[in-house]
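Enquirer: As input, take start-v6.tsv (TSV, C-alpha atoms):
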```tsv
chain	number	residue	atom	x	y	z
A	1	MET	CA	-25.21	45.13	40.42
A	2	LEU	CA	-21.71	46.31	41.25
A	3	VAL	CA	-21.86	44.61	44.67
A	4	ILE	CA	-22.75	41.22	43.13
A	5	LEU	CA	-20.23	41.62	40.29
A	6	SER	CA	-17.44	42.70	42.67
A	7	GLY	CA	-18.30	39.81	45.00
A	8	LEU	CA	-18.08	37.27	42.17
A	9	LEU	CA	-14.84	38.78	40.84
A	10	LEU	CA	-13.31	38.80	44.33
A	11	LEU	CA	-14.38	35.21	45.03
A	12	ALA	CA	-12.98	34.03	41.68
A	13	THR	CA	-9.74	36.01	42.02
A	14	GLY	CA	-9.18	34.51	45.48
A	15	ALA	CA	-9.88	30.98	44.17
A	16	GLY	CA	-7.53	31.50	41.21
A	17	PHE	CA	-4.79	32.87	43.48
A	18	VAL	CA	-5.00	30.03	46.04
A	19	GLY	CA	-5.33	27.50	43.19
A	20	ALA	CA	-2.14	28.82	41.58
A	21	ILE	CA	0.02	28.99	44.70
A	22	SER	CA	-1.18	25.58	45.93
A	23	GLY	CA	-0.68	24.01	42.50
A	24	LEU	CA	-4.17	22.49	42.63
A	25	GLY	CA	-5.86	24.88	40.15
A	26	GLY	CA	-8.72	27.34	40.59
A	27	GLY	CA	-11.45	24.72	40.01
A	28	MET	CA	-10.83	23.04	43.38
A	29	PHE	CA	-11.70	26.29	45.15
A	30	ILE	CA	-14.17	28.08	42.85
A	31	VAL	CA	-16.77	25.26	42.82
A	32	PRO	CA	-17.20	25.14	46.63
A	33	ALA	CA	-16.95	28.95	46.81
A	34	LEU	CA	-19.83	29.33	44.34
A	35	VAL	CA	-21.92	26.58	45.96
A	36	VAL	CA	-21.35	27.50	49.61
A	37	LEU	CA	-20.84	31.28	49.53
A	38	ALA	CA	-22.76	32.41	46.41
A	39	LYS	CA	-25.54	29.78	46.91
A	40	MET	CA	-25.29	28.61	43.29
A	41	PRO	CA	-26.59	25.22	42.10
A	42	MET	CA	-23.80	22.66	41.64
A	43	ARG	CA	-24.21	22.36	37.83
A	44	VAL	CA	-23.94	26.16	37.40
A	45	ALA	CA	-20.75	26.17	39.52
A	46	VAL	CA	-19.30	23.22	37.57
A	47	GLY	CA	-20.02	24.83	34.17
A	48	ALA	CA	-18.46	28.16	35.22
A	49	SER	CA	-15.47	26.43	36.76
A	50	LEU	CA	-14.72	24.28	33.68
A	51	ILE	CA	-14.46	27.37	31.47
A	52	SER	CA	-12.19	29.16	33.94
A	53	VAL	CA	-9.96	26.05	34.16
A	54	VAL	CA	-9.43	26.23	30.36
A	55	ALA	CA	-8.24	29.83	30.68
A	56	THR	CA	-5.89	29.23	33.62
A	57	SER	CA	-4.40	26.07	32.10
A	58	ALA	CA	-3.66	27.93	28.86
A	59	GLY	CA	-2.00	30.75	30.77
A	60	ALA	CA	-0.04	28.55	33.20
A	61	SER	CA	1.22	26.03	30.65
A	62	VAL	CA	2.79	28.61	28.29
A	63	ALA	CA	6.12	28.89	30.14
A	64	PHE	CA	6.38	25.12	30.75
A	65	VAL	CA	5.79	24.34	27.04
A	66	ARG	CA	8.20	27.02	25.83
A	67	ASP	CA	10.98	25.93	28.22
A	68	GLY	CA	10.63	22.25	27.42
A	69	TRP	CA	9.26	20.92	30.72
A	70	THR	CA	6.02	19.65	29.18
A	71	ASN	CA	6.21	16.24	27.52
A	72	LEU	CA	3.92	17.05	24.58
A	73	LYS	CA	3.82	13.49	23.23
A	74	VAL	CA	2.80	11.99	26.56
A	75	ALA	CA	0.10	14.69	26.76
A	76	MET	CA	-1.23	13.86	23.27
A	77	VAL	CA	-1.44	10.13	24.07
A	78	LEU	CA	-3.08	10.50	27.49
A	79	GLU	CA	-5.51	13.20	26.32
A	80	CYS	CA	-7.37	10.47	24.39
A	81	ALA	CA	-8.36	9.00	27.77
A	82	THR	CA	-8.95	12.27	29.67
A	83	VAL	CA	-11.13	13.78	26.92
A	84	THR	CA	-13.24	10.62	26.66
A	85	GLY	CA	-13.66	10.64	30.44
A	86	ALA	CA	-14.48	14.36	30.56
A	87	ILE	CA	-17.24	14.03	27.96
A	88	VAL	CA	-18.75	11.03	29.79
A	89	GLY	CA	-18.45	12.95	33.10
A	90	ALA	CA	-20.08	16.10	31.66
A	91	PHE	CA	-23.05	14.07	30.41
A	92	MET	CA	-23.29	12.23	33.73
A	93	ALA	CA	-23.30	15.59	35.58
A	94	GLY	CA	-26.72	16.30	34.10
A	95	LEU	CA	-28.09	13.00	35.47
A	96	VAL	CA	-26.33	12.43	38.82
A	97	PRO	CA	-28.12	13.82	41.94
A	98	THR	CA	-26.48	16.88	43.54
A	99	TYR	CA	-25.69	15.10	46.82
A	100	VAL	CA	-23.66	12.48	44.91
A	101	LEU	CA	-21.68	15.26	43.19
A	102	GLU	CA	-21.08	16.98	46.55
A	103	GLY	CA	-19.98	13.68	48.10
A	104	LEU	CA	-17.60	12.99	45.19
A	105	PHE	CA	-16.25	16.52	45.49
A	106	ALA	CA	-15.53	15.96	49.18
A	107	LEU	CA	-13.62	12.75	48.32
A	108	MET	CA	-11.70	14.58	45.58
A	109	MET	CA	-10.72	17.28	48.10
A	110	LEU	CA	-9.49	14.62	50.56
A	111	GLN	CA	-7.42	12.97	47.82
A	112	SER	CA	-5.91	16.36	46.85
A	113	ALA	CA	-5.18	17.19	50.52
A	114	PHE	CA	-3.38	13.86	50.91
A	115	PHE	CA	-1.50	14.44	47.63
A	116	SER	CA	-0.42	17.97	48.64
A	117	ILE	CA	1.29	16.74	51.82
A	118	THR	CA	2.80	13.54	50.44
A	119	LYS	CA	4.72	14.78	47.37
A	120	HIS	CA	7.96	12.84	47.02
A	121	GLU	CA	11.22	13.06	45.11
A	122	GLU	CA	11.38	11.90	41.52
A	123	THR	CA	12.79	8.68	40.14
A	124	VAL	CA	14.35	8.68	36.67
A	125	LEU	CA	14.17	5.44	34.70
A	126	ALA	CA	16.85	4.39	32.22
A	127	LYS	CA	14.75	1.81	30.33
A	128	GLY	CA	11.30	2.47	28.93
A	129	GLY	CA	8.28	0.22	28.37
A	130	PRO	CA	7.49	-1.21	24.89
A	131	ILE	CA	4.58	1.17	24.10
A	132	ALA	CA	6.53	4.21	25.32
A	133	ARG	CA	9.57	3.23	23.23
A	134	LYS	CA	7.44	2.69	20.12
A	135	LEU	CA	5.76	6.10	20.55
A	136	ARG	CA	9.06	7.83	21.48
A	137	LEU	CA	7.68	9.23	24.74
A	138	ALA	CA	11.06	9.61	26.45
A	139	GLY	CA	12.47	13.07	27.25
A	140	ASP	CA	15.11	14.98	29.20
A	141	VAL	CA	15.18	16.80	32.55
A	142	PRO	CA	18.07	18.73	34.11
A	143	ASP	CA	19.86	16.95	36.94
A	144	ALA	CA	21.08	18.67	40.16
A	145	TYR	CA	23.87	20.35	38.15
A	146	GLY	CA	21.61	21.52	35.32
A	147	HIS	CA	22.85	18.94	32.80
A	148	PRO	CA	20.18	17.19	30.66
A	149	GLN	CA	19.29	13.81	32.13
A	150	HIS	CA	17.40	11.35	29.93
A	151	TYR	CA	14.26	9.73	31.34
A	152	GLU	CA	12.16	6.88	30.01
A	153	VAL	CA	8.45	6.16	30.44
A	154	ILE	CA	6.76	2.90	31.48
A	155	ASN	CA	3.26	1.56	32.17
A	156	VAL	CA	1.43	3.62	29.52
A	157	ARG	CA	-1.33	0.98	29.54
A	158	TYR	CA	-1.96	1.54	33.28
A	159	GLY	CA	-1.72	5.33	33.05
A	160	GLY	CA	-4.58	5.39	30.51
A	161	PRO	CA	-7.37	4.08	32.80
A	162	LEU	CA	-6.30	6.44	35.59
A	163	MET	CA	-6.49	9.32	33.12
A	164	LEU	CA	-9.98	8.18	32.15
A	165	VAL	CA	-11.03	8.45	35.81
A	166	ALA	CA	-9.37	11.89	36.04
A	167	GLY	CA	-11.36	12.95	32.96
A	168	VAL	CA	-14.69	11.70	34.37
A	169	MET	CA	-14.03	13.60	37.64
A	170	SER	CA	-13.17	16.74	35.68
A	171	GLY	CA	-16.38	16.67	33.63
A	172	LEU	CA	-18.51	15.76	36.65
A	173	LEU	CA	-17.06	18.19	39.20
A	174	GLY	CA	-15.63	21.07	37.14
A	175	VAL	CA	-12.05	20.58	38.34
A	176	GLY	CA	-8.84	20.01	36.41
A	177	SER	CA	-8.11	16.72	38.27
A	178	GLY	CA	-4.45	17.77	38.28
A	179	ALA	CA	-3.61	15.76	41.42
A	180	LEU	CA	-4.93	12.53	39.86
A	181	LYS	CA	-3.10	13.20	36.59
A	182	VAL	CA	0.19	13.85	38.36
A	183	ILE	CA	-0.18	10.64	40.41
A	184	ALA	CA	-0.78	8.63	37.22
A	185	MET	CA	2.26	10.09	35.44
A	186	ASP	CA	4.64	10.37	38.40
A	187	GLN	CA	3.89	7.22	40.38
A	188	VAL	CA	2.55	4.83	37.70
A	189	MET	CA	4.38	5.88	34.52
A	190	HIS	CA	7.51	7.03	36.43
A	191	ILE	CA	7.76	10.38	34.64
A	192	PRO	CA	9.79	12.87	36.77
A	193	LEU	CA	7.55	14.92	39.09
A	194	LYS	CA	8.23	18.32	37.52
A	195	VAL	CA	7.59	16.99	34.00
A	196	SER	CA	4.41	15.28	35.30
A	197	SER	CA	3.18	18.57	36.83
A	198	ALA	CA	3.95	20.58	33.67
A	199	THR	CA	2.36	17.94	31.41
A	200	SER	CA	-0.69	17.70	33.68
A	201	ASN	CA	-1.09	21.49	33.56
A	202	PHE	CA	-1.03	21.35	29.75
A	203	MET	CA	-3.56	18.48	29.59
A	204	ILE	CA	-5.97	20.09	32.06
A	205	GLY	CA	-6.98	22.68	29.42
A	206	VAL	CA	-8.10	20.07	26.90
A	207	THR	CA	-9.78	17.92	29.58
A	208	ALA	CA	-11.72	20.86	31.02
A	209	GLY	CA	-12.37	22.15	27.48
A	210	ALA	CA	-14.10	18.87	26.56
A	211	GLY	CA	-16.42	19.20	29.57
A	212	ALA	CA	-16.92	22.94	29.01
A	213	LEU	CA	-17.98	22.37	25.39
A	214	VAL	CA	-20.67	19.89	26.52
A	215	PHE	CA	-21.93	22.27	29.26
A	216	LEU	CA	-21.89	25.28	26.92
A	217	SER	CA	-23.62	23.58	24.00
A	218	ARG	CA	-26.21	22.08	26.40
A	219	GLY	CA	-27.05	25.59	27.67
A	220	ASP	CA	-25.84	24.84	31.21
A	221	VAL	CA	-23.49	27.84	31.39
A	222	SER	CA	-24.78	31.13	32.77
A	223	THR	CA	-22.96	34.16	31.35
A	224	THR	CA	-23.91	36.07	34.53
A	225	ILE	CA	-21.79	33.69	36.62
A	226	ALA	CA	-19.25	32.19	34.19
A	227	ALA	CA	-18.00	35.49	32.72
A	228	PRO	CA	-16.89	37.19	35.99
A	229	VAL	CA	-15.63	33.84	37.29
A	230	ALA	CA	-13.44	33.27	34.18
A	231	VAL	CA	-12.01	36.80	34.40
A	232	GLY	CA	-11.47	36.63	38.18
A	233	VAL	CA	-9.88	33.17	38.24
A	234	THR	CA	-7.54	34.12	35.37
A	235	ILE	CA	-6.43	37.32	37.14
A	236	GLY	CA	-5.99	35.42	40.43
A	237	ALA	CA	-3.98	32.66	38.77
A	238	PHE	CA	-1.79	35.21	36.97
A	239	VAL	CA	-1.04	37.11	40.20
A	240	GLY	CA	-0.55	33.81	42.08
A	241	SER	CA	1.97	32.52	39.54
A	242	ARG	CA	3.95	35.79	39.88
A	243	PHE	CA	3.90	35.46	43.71
A	244	LEU	CA	4.81	31.77	43.66
A	245	PRO	CA	8.62	32.14	43.37
A	246	LYS	CA	8.62	34.52	46.39
A	247	LEU	CA	6.56	32.23	48.63
A	248	LYS	CA	7.80	29.34	50.74
A	249	VAL	CA	5.21	26.93	49.42
A	250	GLN	CA	6.69	23.93	51.27
A	251	HIS	CA	5.66	25.57	54.55
A	252	MET	CA	2.21	26.35	53.22
A	253	ARG	CA	1.35	22.77	52.24
A	254	THR	CA	-0.10	22.01	55.67
A	255	ALA	CA	-2.25	25.15	55.47
A	256	PHE	CA	-3.53	24.13	52.01
A	257	ALA	CA	-4.27	20.61	53.26
A	258	ALA	CA	-6.21	22.11	56.21
A	259	ILE	CA	-8.27	24.33	53.84
A	260	LEU	CA	-9.00	21.34	51.60
A	261	LEU	CA	-10.07	19.27	54.61
A	262	LEU	CA	-12.44	22.04	55.77
A	263	ILE	CA	-14.00	22.30	52.30
A	264	ALA	CA	-14.25	18.49	52.12
A	265	LEU	CA	-16.09	18.50	55.46
A	266	GLU	CA	-18.51	21.23	54.27
A	267	MET	CA	-19.21	19.47	50.95
A	268	GLY	CA	-19.51	16.10	52.70
A	269	TRP	CA	-21.97	17.59	55.21
A	270	ARG	CA	-24.05	19.05	52.35
A	271	ALA	CA	-24.03	15.65	50.62
A	272	ILE	CA	-25.25	13.88	53.80
A	273	ASN	CA	-27.99	16.49	54.27
A	274	GLY	CA	-29.05	16.10	50.65
A	275	ILE	CA	-29.61	12.32	50.86
B	1	MET	CA	13.24	28.48	35.01
B	2	ALA	CA	15.97	26.47	33.29
B	3	LYS	CA	15.43	25.70	29.64
B	4	LEU	CA	15.94	22.11	28.55
B	5	ALA	CA	17.89	20.84	25.61
B	6	ILE	CA	15.36	18.90	23.58
B	7	ILE	CA	16.96	15.69	22.43
B	8	GLN	CA	14.78	13.60	20.16
B	9	PRO	CA	15.59	10.36	18.37
B	10	ASP	CA	15.24	11.74	14.83
B	11	ASN	CA	15.14	15.02	12.91
B	12	VAL	CA	11.45	14.89	11.98
B	13	SER	CA	10.47	14.56	15.64
B	14	ALA	CA	12.83	17.36	16.69
B	15	ASP	CA	11.28	19.67	14.08
B	16	GLU	CA	7.73	18.85	15.21
B	17	ASP	CA	8.72	19.47	18.81
B	18	ARG	CA	10.42	22.79	18.08
B	19	ILE	CA	7.45	24.13	16.07
B	20	LEU	CA	5.01	22.95	18.78
B	21	ARG	CA	7.02	24.58	21.56
B	22	VAL	CA	7.27	27.91	19.70
B	23	TRP	CA	3.75	28.18	18.31
B	24	THR	CA	1.55	26.49	20.93
B	25	PRO	CA	2.19	29.22	23.56
B	26	VAL	CA	1.53	31.92	20.93
B	27	LEU	CA	-1.80	30.30	19.97
B	28	LEU	CA	-2.90	29.75	23.58
B	29	ARG	CA	-1.98	33.24	24.71
B	30	THR	CA	-3.61	34.98	21.71
B	31	ILE	CA	-6.99	33.25	22.05
B	32	VAL	CA	-7.08	33.71	25.84
B	33	LEU	CA	-6.26	37.42	25.48
B	34	ILE	CA	-8.98	37.95	22.84
B	35	SER	CA	-11.59	36.09	24.91
B	36	MET	CA	-10.60	37.93	28.11
B	37	ALA	CA	-10.94	41.26	26.25
B	38	SER	CA	-14.44	40.20	25.07
B	39	LEU	CA	-15.45	39.18	28.61
B	40	ILE	CA	-14.18	42.41	30.18
B	41	LEU	CA	-15.87	44.49	27.45
B	42	GLY	CA	-19.11	42.53	27.97
B	43	LEU	CA	-18.99	43.06	31.75
B	44	ILE	CA	-18.36	46.80	31.37
B	45	MET	CA	-21.26	47.08	28.88
B	46	THR	CA	-23.50	45.08	31.24
B	47	ALA	CA	-22.64	47.44	34.12
B	48	LEU	CA	-23.36	50.48	31.93
B	49	TYR	CA	-26.47	49.41	30.01
B	50	THR	CA	-28.24	46.45	31.67
B	51	PRO	CA	-27.35	46.38	35.40
B	52	SER	CA	-30.86	45.49	36.61
B	53	HIS	CA	-31.07	42.60	34.13
B	54	PHE	CA	-27.76	41.24	35.54
B	55	VAL	CA	-29.14	41.28	39.12
B	56	GLU	CA	-32.40	39.66	38.01
B	57	ARG	CA	-30.51	36.92	36.12
B	58	TYR	CA	-28.19	36.33	39.11
B	59	HIS	CA	-31.16	35.55	41.39
B	60	GLN	CA	-32.82	33.39	38.71
B	61	VAL	CA	-29.60	31.36	38.31
B	62	GLN	CA	-29.47	30.86	42.10
B	63	LEU	CA	-32.85	29.15	41.72
B	64	GLY	CA	-31.48	26.99	38.89
B	65	HIS	CA	-33.25	28.82	36.04
B	66	LEU	CA	-30.91	28.92	33.06
B	67	ILE	CA	-31.70	30.44	29.67
B	68	GLY	CA	-30.81	27.22	27.84
B	69	LYS	CA	-29.40	26.46	24.40
B	70	GLN	CA	-28.78	29.24	21.90
B	71	SER	CA	-27.60	28.82	18.33
B	72	LEU	CA	-24.30	30.35	17.25
B	73	THR	CA	-26.11	32.40	14.55
B	74	THR	CA	-28.42	33.93	17.20
B	75	ILE	CA	-25.42	34.79	19.39
B	76	ALA	CA	-23.52	36.23	16.39
B	77	SER	CA	-26.43	38.46	15.35
B	78	LYS	CA	-26.83	39.70	18.94
B	79	VAL	CA	-23.08	40.42	19.13
B	80	MET	CA	-23.40	42.50	15.95
B	81	SER	CA	-26.18	44.52	17.57
B	82	GLY	CA	-23.97	45.08	20.64
B	83	GLU	CA	-25.94	43.09	23.22
B	84	PRO	CA	-23.72	42.75	26.34
B	85	ARG	CA	-24.88	39.20	27.22
B	86	ALA	CA	-24.09	37.98	23.69
B	87	ILE	CA	-20.61	39.53	23.90
B	88	LEU	CA	-20.07	37.64	27.16
B	89	MET	CA	-21.26	34.41	25.54
B	90	MET	CA	-18.89	35.00	22.61
B	91	GLY	CA	-16.00	35.42	25.06
B	92	LEU	CA	-16.88	32.13	26.76
B	93	PHE	CA	-17.18	30.34	23.39
B	94	LEU	CA	-13.77	31.69	22.37
B	95	LEU	CA	-12.25	30.31	25.58
B	96	THR	CA	-13.61	26.84	24.88
B	97	LEU	CA	-12.07	27.06	21.40
B	98	VAL	CA	-8.56	27.16	22.98
B	99	PRO	CA	-8.21	23.35	23.26
B	100	LEU	CA	-9.88	22.77	19.88
B	101	VAL	CA	-7.46	25.10	18.09
B	102	ARG	CA	-4.45	23.69	19.95
B	103	VAL	CA	-5.34	20.08	19.06
B	104	ALA	CA	-6.16	21.01	15.43
B	105	PHE	CA	-2.75	22.73	15.18
B	106	CYS	CA	-0.98	19.59	16.48
B	107	LEU	CA	-2.98	17.41	14.07
B	108	GLY	CA	-1.89	19.56	11.12
B	109	LEU	CA	1.73	19.39	12.23
B	110	TYR	CA	1.75	15.61	12.70
B	111	LEU	CA	0.04	15.19	9.30
B	112	LYS	CA	2.77	17.30	7.70
B	113	ALA	CA	5.45	15.23	9.44
B	114	ARG	CA	3.62	11.98	8.49
B	115	ASP	CA	3.77	10.83	12.10
B	116	TYR	CA	0.67	8.67	11.70
B	117	ALA	CA	0.49	7.31	15.26
B	118	PHE	CA	0.15	10.87	16.59
B	119	VAL	CA	-2.16	11.84	13.71
B	120	GLY	CA	-4.41	9.10	15.12
B	121	PHE	CA	-4.20	10.34	18.73
B	122	THR	CA	-4.82	14.01	17.90
B	123	ALA	CA	-7.57	13.20	15.37
B	124	TYR	CA	-9.33	11.11	18.04
B	125	VAL	CA	-9.16	13.99	20.57
B	126	LEU	CA	-10.37	16.53	18.00
B	127	ILE	CA	-13.29	14.34	16.89
B	128	ALA	CA	-14.21	13.66	20.55
B	129	LEU	CA	-14.22	17.41	21.33
B	130	VAL	CA	-16.45	18.21	18.33
B	131	LEU	CA	-18.70	15.21	18.98
B	132	GLY	CA	-19.07	16.18	22.66
B	133	ALA	CA	-20.22	19.67	21.64
B	134	MET	CA	-22.65	18.27	19.06
B	135	LEU	CA	-24.10	15.71	21.46
B	136	GLY	CA	-24.44	18.46	24.08
B	137	ARG	CA	-26.74	20.34	21.71
B	138	ILE	CA	-28.85	17.25	21.11
B	139	GLY	CA	-28.92	15.91	24.68
```
Step by step, read the file and then write its structure as structure tokens.
Expert:
Amino acid sequence: MLVILSGLLLLATGAGFVGAISGLGGGMFIVPALVVLAKMPMRVAVGASLISVVATSAGASVAFVRDGWTNLKVAMVLECATVTGAIVGAFMAGLVPTYVLEGLFALMMLQSAFFSITKHEETVLAKGGPIARKLRLAGDVPDAYGHPQHYEVINVRYGGPLMLVAGVMSGLLGVGSGALKVIAMDQVMHIPLKVSSATSNFMIGVTAGAGALVFLSRGDVSTTIAAPVAVGVTIGAFVGSRFLPKLKVQHMRTAFAAILLLIALEMGWRAINGI
Amino acid sequence: MAKLAIIQPDNVSADEDRILRVWTPVLLRTIVLISMASLILGLIMTALYTPSHFVERYHQVQLGHLIGKQSLTTIASKVMSGEPRAILMMGLFLLTLVPLVRVAFCLGLYLKARDYAFVGFTAYVLIALVLGAMLGRIG
């Protein structure tokens, strides 16, 4: 038993560590690790991953919330869309054939690889959209000199549908869909990149939680797999977040993109074989 | 990491924000720590008392054989009798409660501040989370 348990813990710790230092979350790595290396069925891997994503999001978002980087109001508004999507996705996961899930996972990996090498500098808007102004979604970020700089939010109505898609992907594939969420907030709603990342991290917990609740109540979560995975991913993410300030992540982006591409190829190959 | 000065348009909003930023991390961290302790305890008990069952279950899960739905009362009674698998299940349930508790806390705060737009948003998320769990049991 100890060999299997240690193997699962090691796999999950590695996924949590890489997920934390790449900023993509443990879910992107634990699902393929469980499917390819531990030979687990996709739905078992997705259920275990969703629960571990809840734990890592809660741990990672604490500092961002406390220090004011997370825009809590934006999170509350957009969670309506991500939670709806996650519940729909979790129900669809029970109906969609495995090869479709593997194919979608491969596409998600490609999108994340592209996102990880194309991050750009933030733009700060001085005038917000009508919905954002009514809901008081604006906030402050420090400028280059550390002084608070006010930012406004636009295009809330376009951010919503993208969040719905992010939610569906989360419930279907057991990932946090952080890359999609950041794109919606940063590039569509023009929220500064660091605030978008912190807010996405905070929202991932509720999105994954919605999917995890469906999987758990449906009986699609195996304690044998999910328990060591949750513990391992959380430990890995904790260690990764401590290592992060010491690492030159900019230089590692290409390596992360290469890993994501390799996993995308493997999952894509499995999808083609499954048709 | 630099801390930001939170500037909000009115006092009610600033109060909500301050309470959320102080108490949300406390809530998140507490529940995660309790659930992690349950999971680690459950894994240690599994290794000590039911190692062969763990190996057998691992291979069954590889073949796609899951135990299926279990009621909370069944899990609770098994936890009371010290069954390792039930303790693991309790730890996983506790983890999924993290978002529920966080959203319920925000809902209470917005209700207190009479910020009805955000009462609507948080109530919708809370109802969706509960409904998703209930539909999962049926479907």
Enquirer: Using CA of Ala117 in chain B and CA of Arg102 in chain B as the two end points, give the distance in Å to one decimal.
Expert: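 Computed distance, CA of Ala117 in chain B to CA of Arg102 in chain B, equals 17.7 Å.
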Enquirer: Give as a compact mmCIF listing (two decimals) with C-alpha atoms, in the coordinates of the input every residue of chain A that touches chain B within 7 Å, counting only C-alpha atoms.
Expert:
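Result file is out_37.txt:
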```txt
# COMPACT_ATOMS: atom_id res chain seq x y z
CA MET A 1 -25.21 45.13 40.42
CA LYS A 39 -25.54 29.78 46.91
CA MET A 40 -25.29 28.61 43.29
CA PRO A 41 -26.59 25.22 42.10
CA ILE A 51 -14.46 27.37 31.47
CA VAL A 54 -9.43 26.23 30.36
CA ALA A 55 -8.24 29.83 30.68
CA ALA A 58 -3.66 27.93 28.86
CA GLY A 59 -2.00 30.75 30.77
CA VAL A 62 2.79 28.61 28.29
CA VAL A 65 5.79 24.34 27.04
CA ARG A 66 8.20 27.02 25.83
CA ASP A 67 10.98 25.93 28.22
CA GLY A 68 10.63 22.25 27.42
CA MET A 76 -1.23 13.86 23.27
CA VAL A 77 -1.44 10.13 24.07
CA GLU A 79 -5.51 13.20 26.32
CA CYS A 80 -7.37 10.47 24.39
CA VAL A 83 -11.13 13.78 26.92
CA THR A 84 -13.24 10.62 26.66
CA ILE A 87 -17.24 14.03 27.96
CA ASP A 140 15.11 14.98 29.20
CA VAL A 141 15.18 16.80 32.55
CA PRO A 142 18.07 18.73 34.11
CA PRO A 148 20.18 17.19 30.66
CA GLY A 205 -6.98 22.68 29.42
CA VAL A 206 -8.10 20.07 26.90
CA GLY A 209 -12.37 22.15 27.48
CA ALA A 210 -14.10 18.87 26.56
CA ALA A 212 -16.92 22.94 29.01
CA LEU A 213 -17.98 22.37 25.39
CA VAL A 214 -20.67 19.89 26.52
CA PHE A 215 -21.93 22.27 29.26
CA SER A 217 -23.62 23.58 24.00
CA ARG A 218 -26.21 22.08 26.40
CA GLY A 219 -27.05 25.59 27.67
CA ASP A 220 -25.84 24.84 31.21
CA SER A 222 -24.78 31.13 32.77
CA THR A 223 -22.96 34.16 31.35
CA THR A 224 -23.91 36.07 34.53
CA ALA A 227 -18.00 35.49 32.72
CA VAL A 231 -12.01 36.80 34.40
```
Enquirer: Quick one, how far is CA of Ser57 in chain A from CA of Asn201 in chain A?
Expert: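 Going from CA of Ser57 in chain A over to CA of Asn201 in chain A covers 5.8 Å.
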Enquirer: Can you work out which one of B:Val79, B:Ala14, B:Leu94, B:Gln60 has the shortest atom-to-atom distance to Ile34 in chain B, counting all atoms listed in the file?
Expert: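 Selected residue with least distance to Ile34 in chain B: B:Leu94.
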Enquirer: Just want the 6 Å neighbourhood of range 17-24 of chain A, counted on only C-alpha atoms, with same-chain residues fewer than 6 positions away dropped. Output as a list of chain:residue names.
Expert: A:Gly236, A:Ala237, A:Gly240, A:Ser241, A:Leu244
Enquirer: Write out as a ChimeraX atom specification which residues come within 12 Å of Ala258 in chain A when counting all atoms listed in the file, dropping same-chain ones fewer than 2 positions away.
Expert: /A:22,109-110,112-114,116-117,252-256,260-265
Enquirer: Record the distance separating CA of Arg157 in chain A and CA of Ala138 in chain A, expressed in Å with one decimal.
Expert: 15.4 Å
Enquirer: Box for range 94-113 of chain B - axis-aligned, 8 Å on each of the six sides, all listed atoms - centre and size in Å to one decimal, as JSON.
Expert:
```
{"center_x": -4.2, "center_y": 23.4, "center_z": 16.6, "size_x": 35.2, "size_y": 32.5, "size_z": 33.9}
```
Enquirer: Identify which of the residues A:Gly146, A:Pro192, A:Pro130, A:Gly89 lies closest to Val168 in chain A, counting all atoms listed in the file when measuring atom-to-atom distances.
Expert: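 Smallest distance to Val168 in chain A is found for A:Gly89.
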Enquirer: Choose the residue, out of A:Gly85, A:Gly27, A:Leu37, A:Pro97, that has the smallest atom-to-atom separation from Leu11 in chain A; count all atoms listed in the file.
Expert: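 Closest to Leu11 in chain A of all the choices is A:Leu37.
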